[in-house]
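Reviewing the structure listed below.
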There are 2 protein chains.
Amino acid sequence: MKNYCFGIDVGGTTVKMGLFQIDGQLLDKWEIPTRTEDSGKAILPDIAAYALAKLVEKNISREDVAGIGIGVPGPINAEGVVPHTANLGWGYKEVTRELSELTGLVCRGGNDANVAALGEMWKGAAAGHNSGVMVTLGTGVGGGIIIDGQIVVGTNGAGGEIGHIHVDDDIPWFCGCGNQGCLEQVASANGIVSLAKWMQQEKTEQTVLELETMTAKDVWDAVKEGDEFSCKVAERFGKYLGLALANIASTVDPEVFVIGGGVSKAGPVILDYIRKYYVKYTFKGCRDVEFVLATLGNDAGIFGSAKLVIEE
Amino acid sequence: MKNYCFGIDVGGTTVKMGLFQIDGQLLDKWEIPTRTEDSGKAILPDIAAYALAKLVEKNISREDVAGIGIGVPGPINAEGVVPHTANLGWGYKEVTRELSELTGLVCRGGNDANVAALGEMWKGAAAGHNSGVMVTLGTGVGGGIIIDGQIVVGTNGAGGEIGHIHVDDDIPWFCGCGNQGCLEQVASANGIVSLAKWMQQEKTEQTVLELETMTAKDVWDAVKEGDEFSCKVAERFGKYLGLALANIASTVDPEVFVIGGGVSKAGPVILDYIRKYYVKYTFKGCRDVEFVLATLGNDAGIFGSAKLVIEE
C-alpha cells in the first residue's frame, strides 16, 4: 500500500498544495501563485514541479505516492476534463490527464466546492458521516453533495450547484448565472449585503448598519447586538437558506449539513436562523438532520482533493 | 450465474408479482390481494407462498433464483426494515429478513416510488441512462433519485420525497404530511383539482370544467381543447413542477427526468408545461436535460424491485 498523496486546491490567485499521509494526516502545506497569464498554461506545470520537488525534499519515492487530487474552480467531468474556466484563463483542458503526464502520478479531479465538501466529510466537521451536504457561503454560494462517501458530480458537473437553487420570484436584480431569484443572490457574503439593501426599502426601524458601506460581517455583528433591522435580514437569510436545504433534504435526505465559507465565521447564530426555517419547510422525516459549522476552513479543499485519490 | 428473480410491488389493495429472467425479460406477472387485516401479518407469507408455487409451476429450481426484490409503500431503510406502514397495517417490520426466511432467497427492499424509478431507468423510458429522477404524479406525488444506477435511499428513507418539496408559501390548505406548500398539494391528481378550485377564486374567464366534480383528467382534456382557464391551471402546475425539478437539477444534475403516474397519461402536453418553467428556473448548465414520459406503467415497480437483486 502506498503511504502518501497530494491534495491540490486551485484558486484564482493562489494554488494551495498539501502533502498527506493516506490516513489523512497533513504533513506539509504551502501555496504557490496561480499564473493565469497565457491562458493559464503554467498552472499545471507549476503544480507538478512543486509536488515533485516536495517529494525530493521529504525523501519520498514517487512509487510511494497514491496519487494527486486536484480541485478546480468550475465544472470538471468524471474524466477530469474542464470545458472552460474563466478565472484561470483555461479553455478546454484535460486537467487530470495533463497533470498525470507531468507527474507520473495517478490524478483525479473535482470541482472546488465539491472537494471541500468531501474534505469536511472526511476529516472536518462531518467526519464519521457517510452522506452529507456542504454549503459554502463565500463570495458566491457553492455546495457539494456527498452520498455513500462519493461526490455527486452530476451529468454536467453541476451536482451541488446549491447557489443556483431558486428561492424567490421577486428578487429584482440578476444573478451572475443570468437567472433571477438564486440563493447565491441573497445568502453569499455579497448576497447578504444585497439583501439588506433591498430590505432597506421597507425598513422602518433604526439600525446601527451603515447601509452604503456595510459588509456581511457587519450585519451579523449587528445581529449579535440585537439590532432589529439586522435581525430581520437574518430571518430572511435563514428563510432562503432553510428553504433551499429543506428541499435538498426531500431530494437526497443527508445525515448532516455543513455550513462553511466566510459567512459561517459569524458562528452558531447563523445555524439558529437556518434551522428555524429548515424545520418549518422540511419533510417531517428529515427534521432531525444535524447542522454543523465547517472546521477545516481554507484547508477543506486540499483535504478533499487528497481524498479523491484514496480508495477505502 | 443464476437465471431468474422475482420483483414484488406491494400496494394497499393488491400485491403485484413478477418472475423475471435476470436480463430483464418479464416471464410472468400476476396479482394477489393485500391482506391488511391482523396488522398485515399474512402479506409476506402470501408473497412467499405464491413465489415458491410459481417456481414449482415453471419447474425452476430455487438455486437458480438470484433473489426476490420487494417495493413497499413507505420508508424502508438499507437493512430492509420498515418502521411503520399505515396502509398495510404493519408496525415495525423486518421485511427483507422475514421474506428471506420464508423463501430461502436473498431479499432486498425499497420504497415503491424509488423502485419504480429504478424500473424505468432499467427497462423503461430512461433505459440506457445512468442517473435520472422519476416523478410519479398519482394520488400523491412520489419520486426516486437514481445516481450511478443506485437508488438514493437517504438517511431516513426520505430520498426522492419530491412530493414534499416546498413550492409556494401561499397555499392555504395543509398537505397530508402536515406542512403547507408541498408540491404534492398542487401537482398530484388530487392536487391539480385542488389547484383548479383554488384558482377558481381569481377566475374571470368561462371554462368547460365542472368545477365541483372535475378530475385531473378533465383539466388536461380541457387544456387540449384550448380551454383558457384550464390552460392557466396547467401553467401554474408547470411552474410548480418545473421549479421543483430545476432545484433538484441544481442538487444532483441528472441525465433525465421521467414523469409517470396517472397524471402523466395526459401525454406530452404536460412535459411542455413542465419544461417551460424548468428552463426558466434551472441553472444554465442543466438546461438540456431530457424529459420523458414513463413507459412501464403499473409494471415499473416489479421491474425495479427485480433489479434490486441483480448485480451488474
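If you're wondering about the labels, chains in the C-alpha cells are A, B, ... by order shown, residues count from 1 in each chain, ligands from 1 in order shown.
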### Message
Show me, as an NGL selection string, the residues that have an atom within 8 Å of Ala158 (chain B) when counting only C-alpha atoms, minus same-chain residues fewer than 2 positions from it.
### Response
(:A and (249-253 or 285-286)) or (:B and (75 or 153-156 or 160-161))
Who sits within 10 Å of region 46-60 of chain A, only C-alpha atoms, same chain under 6 positions skipped, as an mmCIF file with C-alpha atoms, in the first residue's frame:
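Once everything was written out, this is selection.cif:
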data_model
loop_
_atom_site.group_PDB
_atom_site.id
_atom_site.type_symbol
_atom_site.label_atom_id
_atom_site.label_comp_id
_atom_site.auth_asym_id
_atom_site.auth_seq_id
_atom_site.Cartn_x
_atom_site.Cartn_y
_atom_site.Cartn_z
ATOM 1 C CA ASN A 3 1.674 5.874 2.051
ATOM 2 C CA TYR A 4 1.346 9.402 0.676
ATOM 3 C CA CYS A 5 -0.778 11.574 -1.573
ATOM 4 C CA PHE A 6 -1.177 15.181 -2.637
ATOM 5 C CA GLY A 7 -4.244 17.388 -2.331
ATOM 6 C CA ILE A 8 -4.294 20.499 -4.534
ATOM 7 C CA VAL A 10 -6.548 25.713 -7.407
ATOM 8 C CA VAL A 15 -2.833 27.289 -5.558
ATOM 9 C CA LYS A 16 -2.951 25.563 -2.179
ATOM 10 C CA MET A 17 -0.974 22.369 -2.008
ATOM 11 C CA GLY A 18 -0.848 19.690 0.681
ATOM 12 C CA LEU A 19 1.182 16.545 1.208
ATOM 13 C CA LEU A 27 2.364 16.551 6.650
ATOM 14 C CA ASP A 28 3.022 19.810 4.889
ATOM 15 C CA TRP A 30 2.127 25.536 1.110
ATOM 16 C CA GLU A 31 0.877 27.941 -1.551
ATOM 17 C CA ILE A 32 2.110 28.985 -4.949
ATOM 18 C CA PRO A 33 0.782 31.790 -7.142
ATOM 19 C CA THR A 34 -1.763 30.887 -9.836
ATOM 20 C CA ARG A 35 -0.168 32.087 -13.045
ATOM 21 C CA ILE A 68 -2.556 13.659 -6.749
ATOM 22 C CA ILE A 70 -6.944 18.454 -7.682
ATOM 23 C CA GLU A 98 -2.088 16.530 -18.232
ATOM 24 C CA LEU A 99 -1.210 16.561 -14.565
ATOM 25 C CA SER A 100 -0.767 12.801 -14.600
ATOM 26 C CA GLU A 101 1.626 13.041 -17.554
ATOM 27 C CA LEU A 102 3.562 15.841 -15.874
ATOM 28 C CA THR A 103 3.978 13.968 -12.593
ATOM 29 C CA GLY A 104 3.779 10.292 -13.462
ATOM 30 C CA LEU A 105 1.150 10.023 -10.736
#
Taking only C-alpha atoms into account, find every residue of chain B that has an atom no more than 10 Å from chain A, and write it out as a short mmCIF file (atom, residue, chain, number, x, y, z; two decimals) with C-alpha atoms, in the first residue's frame.
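Heads up, here's the output in selection_24.cif:
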data_model
loop_
_atom_site.label_atom_id
_atom_site.label_comp_id
_atom_site.auth_asym_id
_atom_site.auth_seq_id
_atom_site.Cartn_x
_atom_site.Cartn_y
_atom_site.Cartn_z
CA PRO B 75 -39.93 4.33 4.04
CA ASN B 130 -27.09 6.04 -15.58
CA SER B 131 -28.61 8.82 -13.48
CA GLY B 132 -32.15 10.07 -13.51
CA VAL B 133 -35.03 11.34 -11.45
CA GLY B 143 -40.22 10.24 -6.62
CA GLY B 144 -36.99 8.39 -6.96
CA ILE B 145 -33.43 9.59 -7.44
CA ILE B 147 -27.35 8.07 -9.30
CA ASP B 148 -24.84 5.77 -10.95
CA ILE B 151 -31.30 4.45 -5.57
CA VAL B 152 -30.60 7.39 -3.25
CA VAL B 153 -32.39 5.92 -0.23
CA GLY B 154 -31.47 8.68 2.20
CA THR B 155 -30.71 8.69 5.89
CA ASN B 156 -34.37 8.42 6.90
CA GLY B 157 -35.60 6.66 3.79
CA ALA B 158 -36.75 10.06 2.53
CA GLY B 159 -34.56 10.20 -0.58
CA GLY B 160 -36.74 11.21 -3.51
CA GLU B 161 -39.60 12.58 -1.38
CA ILE B 162 -40.15 15.07 -4.16
CA GLY B 163 -43.82 15.49 -3.33
CA HIS B 164 -42.82 17.36 -0.19
CA ILE B 165 -40.58 19.92 -1.82
CA HIS B 166 -41.94 23.32 -0.79
CA VAL B 167 -43.11 25.32 -3.80
CA ASP B 168 -45.45 28.05 -2.53
CA ASP B 169 -45.80 29.98 0.72
CA CYS B 177 -47.53 15.49 5.77
CA GLY B 178 -48.58 18.40 8.00
CA ASN B 179 -46.77 21.12 6.06
CA GLN B 180 -48.21 23.77 3.78
CA GLY B 181 -46.95 24.49 0.29
CA CYS B 182 -45.83 20.99 -0.80
CA LEU B 243 -39.40 24.86 -10.24
CA ALA B 244 -39.10 21.71 -8.13
CA ALA B 246 -34.97 22.81 -11.55
CA ASN B 247 -33.96 22.83 -7.90
CA ILE B 248 -33.41 19.06 -7.98
CA ALA B 249 -31.18 19.58 -11.02
CA SER B 250 -29.05 22.11 -9.10
CA THR B 251 -28.61 19.42 -6.48
CA VAL B 252 -28.00 16.15 -8.36
CA ASP B 253 -27.85 17.23 -12.04
CA PRO B 254 -29.47 14.12 -13.59
CA GLU B 255 -29.34 13.00 -17.23
CA VAL B 256 -33.08 12.58 -17.50
CA LYS B 280 -36.74 29.42 -16.69
CA TYR B 281 -35.62 28.36 -13.23
CA THR B 282 -32.77 25.90 -13.74
CA PHE B 283 -29.05 26.51 -13.64
CA LYS B 284 -27.84 27.17 -17.18
CA GLY B 285 -25.62 24.09 -17.25
CA CYS B 286 -28.63 21.82 -16.65
CA ARG B 287 -30.98 23.19 -19.28
CA ASP B 288 -30.52 20.39 -21.79
CA VAL B 289 -31.73 17.59 -19.53
#
### Test item, strand (DSSP E or B) assignment across region 52-259 of chain A, answer as a ChimeraX atom specification
/A:65-72,81-82,85,90,93-94,107-111,132-137,141-147,150-151,166,182,256-259
Keeping only N, CA and C atoms, take the residues you just selected and write them out as a short mmCIF file (atom, residue, chain, number, x, y, z; two decimals), in the first residue's frame.
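Below is the file again14.cif, written as the result:
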data_model
loop_
_atom_site.label_atom_id
_atom_site.label_comp_id
_atom_site.auth_asym_id
_atom_site.auth_seq_id
_atom_site.Cartn_x
_atom_site.Cartn_y
_atom_site.Cartn_z
N VAL A 65 3.59 7.12 -3.62
CA VAL A 65 2.53 8.14 -3.64
C VAL A 65 1.29 7.58 -4.37
N ALA A 66 0.16 7.59 -3.66
CA ALA A 66 -1.07 7.02 -4.22
C ALA A 66 -1.63 7.87 -5.36
N GLY A 67 -1.33 9.15 -5.34
CA GLY A 67 -1.84 9.99 -6.41
C GLY A 67 -1.91 11.44 -6.02
N ILE A 68 -2.44 12.22 -6.94
CA ILE A 68 -2.56 13.66 -6.75
C ILE A 68 -3.99 14.07 -7.10
N GLY A 69 -4.69 14.59 -6.12
CA GLY A 69 -6.06 15.04 -6.34
C GLY A 69 -6.07 16.54 -6.52
N ILE A 70 -6.93 17.02 -7.38
CA ILE A 70 -6.94 18.45 -7.68
C ILE A 70 -8.37 19.00 -7.75
N GLY A 71 -8.60 20.08 -7.04
CA GLY A 71 -9.88 20.78 -7.09
C GLY A 71 -9.74 22.03 -7.92
N VAL A 72 -10.71 22.26 -8.80
CA VAL A 72 -10.66 23.42 -9.68
C VAL A 72 -11.93 24.27 -9.55
N VAL A 81 -12.00 16.45 -17.27
CA VAL A 81 -11.93 17.47 -18.32
C VAL A 81 -12.70 18.72 -17.88
N VAL A 82 -12.05 19.86 -18.01
CA VAL A 82 -12.68 21.15 -17.75
C VAL A 82 -13.04 21.77 -19.10
N THR A 85 -12.69 27.47 -17.88
CA THR A 85 -12.66 28.05 -16.53
C THR A 85 -12.22 29.49 -16.63
N TRP A 90 -8.18 29.15 -18.56
CA TRP A 90 -8.25 27.91 -19.33
C TRP A 90 -9.44 27.90 -20.28
N LYS A 93 -9.66 21.88 -21.21
CA LYS A 93 -8.40 21.39 -20.65
C LYS A 93 -8.60 20.01 -20.03
N GLU A 94 -7.77 19.07 -20.44
CA GLU A 94 -7.82 17.72 -19.86
C GLU A 94 -6.93 17.70 -18.63
N CYS A 107 -3.99 10.76 -11.15
CA CYS A 107 -4.58 12.06 -10.85
C CYS A 107 -6.10 12.00 -10.97
N ARG A 108 -6.79 12.57 -9.99
CA ARG A 108 -8.25 12.70 -10.07
C ARG A 108 -8.62 14.14 -9.75
N GLY A 109 -9.72 14.59 -10.37
CA GLY A 109 -10.12 15.98 -10.20
C GLY A 109 -11.55 16.14 -9.73
N GLY A 110 -11.81 17.30 -9.18
CA GLY A 110 -13.17 17.61 -8.76
C GLY A 110 -13.36 19.11 -8.73
N ASN A 111 -14.62 19.52 -8.67
CA ASN A 111 -14.95 20.93 -8.51
C ASN A 111 -14.56 21.37 -7.10
N GLY A 132 -23.67 13.65 3.30
CA GLY A 132 -23.84 15.00 3.83
C GLY A 132 -23.82 16.01 2.71
N VAL A 133 -24.26 17.20 3.04
CA VAL A 133 -24.31 18.29 2.09
C VAL A 133 -23.59 19.47 2.70
N MET A 134 -22.63 20.02 1.96
CA MET A 134 -21.95 21.21 2.44
C MET A 134 -22.36 22.41 1.61
N VAL A 135 -22.58 23.52 2.29
CA VAL A 135 -22.87 24.79 1.63
C VAL A 135 -21.74 25.74 2.00
N THR A 136 -21.11 26.31 0.99
CA THR A 136 -20.03 27.26 1.22
C THR A 136 -20.54 28.66 0.92
N LEU A 137 -20.67 29.46 1.98
CA LEU A 137 -21.19 30.82 1.85
C LEU A 137 -20.01 31.78 1.77
N VAL A 141 -22.16 31.30 -3.51
CA VAL A 141 -22.60 30.16 -2.70
C VAL A 141 -22.29 28.89 -3.49
N GLY A 142 -21.41 28.07 -2.95
CA GLY A 142 -21.09 26.79 -3.57
C GLY A 142 -21.64 25.66 -2.74
N GLY A 143 -21.51 24.47 -3.24
CA GLY A 143 -22.03 23.35 -2.47
C GLY A 143 -21.45 22.05 -2.95
N GLY A 144 -21.63 21.04 -2.15
CA GLY A 144 -21.21 19.70 -2.51
C GLY A 144 -22.13 18.69 -1.86
N ILE A 145 -22.51 17.68 -2.64
CA ILE A 145 -23.40 16.62 -2.17
C ILE A 145 -22.57 15.34 -2.09
N ILE A 146 -22.50 14.75 -0.92
CA ILE A 146 -21.75 13.51 -0.75
C ILE A 146 -22.75 12.41 -0.36
N ILE A 147 -22.78 11.35 -1.15
CA ILE A 147 -23.65 10.21 -0.84
C ILE A 147 -22.80 8.96 -0.81
N GLN A 150 -19.23 9.39 -1.71
CA GLN A 150 -18.85 9.81 -3.06
C GLN A 150 -19.48 11.16 -3.40
N ILE A 151 -18.72 11.99 -4.11
CA ILE A 151 -19.26 13.26 -4.62
C ILE A 151 -20.31 12.98 -5.70
N HIS A 166 -33.46 28.16 -6.92
CA HIS A 166 -34.34 29.33 -6.99
C HIS A 166 -35.13 29.45 -5.70
N CYS A 182 -31.86 33.40 -7.42
CA CYS A 182 -30.96 32.35 -6.93
C CYS A 182 -30.58 32.58 -5.47
N VAL A 256 -26.21 15.05 7.47
CA VAL A 256 -25.68 16.27 8.07
C VAL A 256 -25.56 17.37 7.02
N PHE A 257 -25.79 18.60 7.46
CA PHE A 257 -25.48 19.78 6.65
C PHE A 257 -24.28 20.49 7.27
N VAL A 258 -23.29 20.79 6.45
CA VAL A 258 -22.11 21.53 6.89
C VAL A 258 -22.18 22.92 6.29
N ILE A 259 -22.09 23.94 7.13
CA ILE A 259 -22.13 25.32 6.64
C ILE A 259 -20.74 25.91 6.76
#
